[in-house]
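Novice: First, the structure itself, so that you have it in front of you.
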Amino acid sequence: MELSHWVYTAPLLSLALLWIVAVVTPGPNFFNIAQLAANASRRHGVAASAGVASGTVLWGVAGGLGIKSLFTAAPMLYLAFKIIGGCYLIYLGLRLFKRSVPVAGRNPLADGQRRSLLSAWRLGLLGNLSNPKSALFVATIFASTMPPSPSPLLLTLAVVVMASLSFSWYCAVALVFSSERMANLYSRSRKWLDRFAGGCYVLFGAHLVANR
């Protein structure tokens, strides 16, 4: 019985450690949720975190099904994913740049608060799915931590661990950036923070499109 538990515990622990490093490294998801939580509300940040976790589930399932082999067999499909994902990130970045330009009679914080929780969830989901390198990274983690023929239960547990870690981390990000102190700081520095986040989006997207 102890051996059976170890068969599950060892790969899941290895996967969790690798995934924690990947999740806490700042990227599009981090900037997306931090900006949304500060601009709208904590609930919006949590909804976006749930969207990111939902995307993690999809990438995890794809990794378990061997999407890396699919991309290797059909490189044009991977290229298409990269270009579409990169263009989406560039689009998000340009929107942030546009929003950083003040418009008379318009309150940007009120605009953010009018965003629905569903749209915040969708933003988190699409932000996660826009980077096909996430799929390759997940597939690589699966290949390096899972046994050659993992059981459906082990794959399910792996996806649950990844999604739980993603949701927990980004909820913490939303909690920090939705605090009154951070909200006040964001309100005062919104133009430059939006431009910084927009620049990061554009750079991430351009890197995806150009790095083939």
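Chain labels A, B, ... are given in the sequence in which chains occur in the structure tokens; within each chain residues are numbered consecutively from 1, and ligands are likewise numbered from 1 in the order shown.
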Could you name the residues that touch segment 8-21 of chain A at 8 Å or less, counting only C-alpha atoms, but leaving out those on the same chain fewer than 2 positions away, as a list in words?

Specialist: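 Final neighbour list, sorted by chain and number: Ser4, His5, Trp6, Val23, Val24, Thr25, Ile141, Phe142, Thr145, Met146, Pro147, Leu154, Leu157, Ala158, Val161, Met162 and Leu165 of chain A.
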
Novice: May I ask for the distance between atom CA of Ala47 of chain A and atom CA of Ala163 of chain A, given in Å to one decimal place?

Specialist: 13.8 Å

Novice: Hey, which of A:Ala135, A:Ala34, A:Ala73, A:Leu118 ends up closest to Trp59 of chain A? Count only C-alpha atoms.

Specialist: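 Going through A:Ala135, A:Ala34, A:Ala73, A:Leu118 one by one, the smallest distance to Trp59 of chain A is for A:Ala135.
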
Novice: Quick one, how far is atom CA of Lys98 of chain A from atom CA of Cys200 of chain A?

Specialist: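 Taking atom CA of Lys98 of chain A and atom CA of Cys200 of chain A, their separation equals 14.5 Å.
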
Novice: Would you mind reading off the distance between atom CA of Ala37 of chain A and atom CA of Tyr88 of chain A, one decimal, in Å?

Specialist: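 So the answer is 20.6 Å.
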
Novice: Give me the segment 29-95 of chain A side of the contact with segment 166-173 of chain A, cut-off 12 Å, one line per residue showing its nearest atom pair and distance in Å at one decimal, counting only C-alpha atoms, sorted by chain and residue number, as CSV.

Specialist:
```
residue,atom,partner,partner_atom,distance
A:Asn29,CA,A:Tyr170,CA,8.2
A:Phe30,CA,A:Tyr170,CA,7.1
A:Phe31,CA,A:Val173,CA,9.5
A:Asn32,CA,A:Tyr170,CA,9.9
A:Ile33,CA,A:Tyr170,CA,7.1
A:Ala34,CA,A:Val173,CA,6.2
A:Gln35,CA,A:Val173,CA,9.9
A:Leu36,CA,A:Val173,CA,10.4
A:Ala37,CA,A:Val173,CA,8.3
A:Ala38,CA,A:Val173,CA,10.1
A:Ser41,CA,A:Cys171,CA,11.9
A:Arg42,CA,A:Cys171,CA,8.6
A:Arg43,CA,A:Cys171,CA,9.4
A:His44,CA,A:Cys171,CA,10.1
A:Gly45,CA,A:Cys171,CA,7.0
A:Val46,CA,A:Cys171,CA,5.4
A:Ala47,CA,A:Cys171,CA,8.8
A:Ala48,CA,A:Tyr170,CA,8.4
A:Ser49,CA,A:Tyr170,CA,5.3
A:Ala50,CA,A:Phe167,CA,6.0
A:Gly51,CA,A:Phe167,CA,8.6
A:Val52,CA,A:Phe167,CA,7.1
A:Ala53,CA,A:Phe167,CA,5.3
A:Ser54,CA,A:Phe167,CA,8.8
A:Gly55,CA,A:Ser166,CA,9.8
A:Thr56,CA,A:Ser166,CA,7.5
A:Val57,CA,A:Ser166,CA,9.8
A:Gly60,CA,A:Ser166,CA,11.8
```

Novice: Selected residues, N, CA and C atoms, written as a PDB file, in the first residue's frame, please.

Specialist:
```
ATOM      1  N   ASN A  29      -0.209  36.309 -17.507  1.00  0.00           N
ATOM      2  CA  ASN A  29      -1.271  36.044 -16.528  1.00  0.00           C
ATOM      3  C   ASN A  29      -1.121  36.927 -15.289  1.00  0.00           C
ATOM      4  N   PHE A  30       0.116  37.086 -14.833  1.00  0.00           N
ATOM      5  CA  PHE A  30       0.366  37.902 -13.647  1.00  0.00           C
ATOM      6  C   PHE A  30      -0.051  39.356 -13.885  1.00  0.00           C
ATOM      7  N   PHE A  31       0.424  39.935 -14.978  1.00  0.00           N
ATOM      8  CA  PHE A  31       0.092  41.326 -15.267  1.00  0.00           C
ATOM      9  C   PHE A  31      -1.403  41.495 -15.510  1.00  0.00           C
ATOM     10  N   ASN A  32      -2.000  40.509 -16.140  1.00  0.00           N
ATOM     11  CA  ASN A  32      -3.428  40.560 -16.428  1.00  0.00           C
ATOM     12  C   ASN A  32      -4.240  40.653 -15.139  1.00  0.00           C
ATOM     13  N   ILE A  33      -3.980  39.745 -14.198  1.00  0.00           N
ATOM     14  CA  ILE A  33      -4.769  39.685 -12.964  1.00  0.00           C
ATOM     15  C   ILE A  33      -4.437  40.848 -12.036  1.00  0.00           C
ATOM     16  N   ALA A  34      -3.150  41.214 -11.942  1.00  0.00           N
ATOM     17  CA  ALA A  34      -2.770  42.346 -11.084  1.00  0.00           C
ATOM     18  C   ALA A  34      -3.449  43.620 -11.559  1.00  0.00           C
ATOM     19  N   GLN A  35      -3.433  43.854 -12.855  1.00  0.00           N
ATOM     20  CA  GLN A  35      -4.050  45.064 -13.399  1.00  0.00           C
ATOM     21  C   GLN A  35      -5.561  45.046 -13.223  1.00  0.00           C
ATOM     22  N   LEU A  36      -6.167  43.899 -13.431  1.00  0.00           N
ATOM     23  CA  LEU A  36      -7.620  43.786 -13.320  1.00  0.00           C
ATOM     24  C   LEU A  36      -8.071  43.958 -11.865  1.00  0.00           C
ATOM     25  N   ALA A  37      -7.346  43.358 -10.927  1.00  0.00           N
ATOM     26  CA  ALA A  37      -7.713  43.475  -9.513  1.00  0.00           C
ATOM     27  C   ALA A  37      -7.586  44.910  -9.028  1.00  0.00           C
ATOM     28  N   ALA A  38      -6.539  45.602  -9.463  1.00  0.00           N
ATOM     29  CA  ALA A  38      -6.336  46.985  -9.038  1.00  0.00           C
ATOM     30  C   ALA A  38      -7.311  47.926  -9.730  1.00  0.00           C
ATOM     31  N   SER A  41     -11.836  45.127  -9.132  1.00  0.00           N
ATOM     32  CA  SER A  41     -12.094  44.713  -7.753  1.00  0.00           C
ATOM     33  C   SER A  41     -11.431  43.369  -7.493  1.00  0.00           C
ATOM     34  N   ARG A  42     -11.427  42.995  -6.221  1.00  0.00           N
ATOM     35  CA  ARG A  42     -10.878  41.692  -5.838  1.00  0.00           C
ATOM     36  C   ARG A  42     -11.665  40.563  -6.492  1.00  0.00           C
ATOM     37  N   ARG A  43     -12.997  40.699  -6.549  1.00  0.00           N
ATOM     38  CA  ARG A  43     -13.821  39.647  -7.150  1.00  0.00           C
ATOM     39  C   ARG A  43     -13.471  39.453  -8.616  1.00  0.00           C
ATOM     40  N   HIS A  44     -13.200  40.542  -9.317  1.00  0.00           N
ATOM     41  CA  HIS A  44     -12.816  40.421 -10.718  1.00  0.00           C
ATOM     42  C   HIS A  44     -11.477  39.703 -10.849  1.00  0.00           C
ATOM     43  N   GLY A  45     -10.549  40.016  -9.925  1.00  0.00           N
ATOM     44  CA  GLY A  45      -9.267  39.330  -9.955  1.00  0.00           C
ATOM     45  C   GLY A  45      -9.406  37.836  -9.686  1.00  0.00           C
ATOM     46  N   VAL A  46     -10.274  37.486  -8.738  1.00  0.00           N
ATOM     47  CA  VAL A  46     -10.509  36.070  -8.434  1.00  0.00           C
ATOM     48  C   VAL A  46     -11.179  35.374  -9.622  1.00  0.00           C
ATOM     49  N   ALA A  47     -12.124  36.067 -10.266  1.00  0.00           N
ATOM     50  CA  ALA A  47     -12.785  35.489 -11.450  1.00  0.00           C
ATOM     51  C   ALA A  47     -11.773  35.243 -12.557  1.00  0.00           C
ATOM     52  N   ALA A  48     -10.862  36.199 -12.755  1.00  0.00           N
ATOM     53  CA  ALA A  48      -9.813  36.010 -13.761  1.00  0.00           C
ATOM     54  C   ALA A  48      -8.884  34.868 -13.364  1.00  0.00           C
ATOM     55  N   SER A  49      -8.622  34.729 -12.058  1.00  0.00           N
ATOM     56  CA  SER A  49      -7.800  33.614 -11.569  1.00  0.00           C
ATOM     57  C   SER A  49      -8.464  32.277 -11.886  1.00  0.00           C
ATOM     58  N   ALA A  50      -9.794  32.230 -11.739  1.00  0.00           N
ATOM     59  CA  ALA A  50     -10.534  31.018 -12.089  1.00  0.00           C
ATOM     60  C   ALA A  50     -10.428  30.746 -13.584  1.00  0.00           C
ATOM     61  N   GLY A  51     -10.407  31.820 -14.387  1.00  0.00           N
ATOM     62  CA  GLY A  51     -10.232  31.646 -15.827  1.00  0.00           C
ATOM     63  C   GLY A  51      -8.874  31.069 -16.165  1.00  0.00           C
ATOM     64  N   VAL A  52      -7.831  31.574 -15.486  1.00  0.00           N
ATOM     65  CA  VAL A  52      -6.491  31.036 -15.700  1.00  0.00           C
ATOM     66  C   VAL A  52      -6.433  29.565 -15.291  1.00  0.00           C
ATOM     67  N   ALA A  53      -7.064  29.231 -14.157  1.00  0.00           N
ATOM     68  CA  ALA A  53      -7.092  27.839 -13.695  1.00  0.00           C
ATOM     69  C   ALA A  53      -7.835  26.953 -14.690  1.00  0.00           C
ATOM     70  N   SER A  54      -8.913  27.491 -15.287  1.00  0.00           N
ATOM     71  CA  SER A  54      -9.653  26.728 -16.298  1.00  0.00           C
ATOM     72  C   SER A  54      -8.768  26.462 -17.513  1.00  0.00           C
ATOM     73  N   GLY A  55      -7.993  27.474 -17.904  1.00  0.00           N
ATOM     74  CA  GLY A  55      -7.056  27.269 -19.004  1.00  0.00           C
ATOM     75  C   GLY A  55      -5.995  26.249 -18.656  1.00  0.00           C
ATOM     76  N   THR A  56      -5.559  26.254 -17.399  1.00  0.00           N
ATOM     77  CA  THR A  56      -4.577  25.272 -16.949  1.00  0.00           C
ATOM     78  C   THR A  56      -5.130  23.863 -17.052  1.00  0.00           C
ATOM     79  N   VAL A  57      -6.414  23.706 -16.714  1.00  0.00           N
ATOM     80  CA  VAL A  57      -7.050  22.388 -16.853  1.00  0.00           C
ATOM     81  C   VAL A  57      -7.018  21.942 -18.310  1.00  0.00           C
ATOM     82  N   GLY A  60      -3.537  21.091 -19.248  1.00  0.00           N
ATOM     83  CA  GLY A  60      -3.154  19.856 -18.584  1.00  0.00           C
ATOM     84  C   GLY A  60      -3.728  18.631 -19.284  1.00  0.00           C
TER      85      GLY A  60
END
```

Novice: Could you list, as a list in words, every residue within 8 Å of Ala206 of chain A, counting only C-alpha atoms and ignoring same-chain residues fewer than 6 positions away?

Specialist: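 What passes the distance filter is Gly86, Cys87 and Ile90 of chain A.
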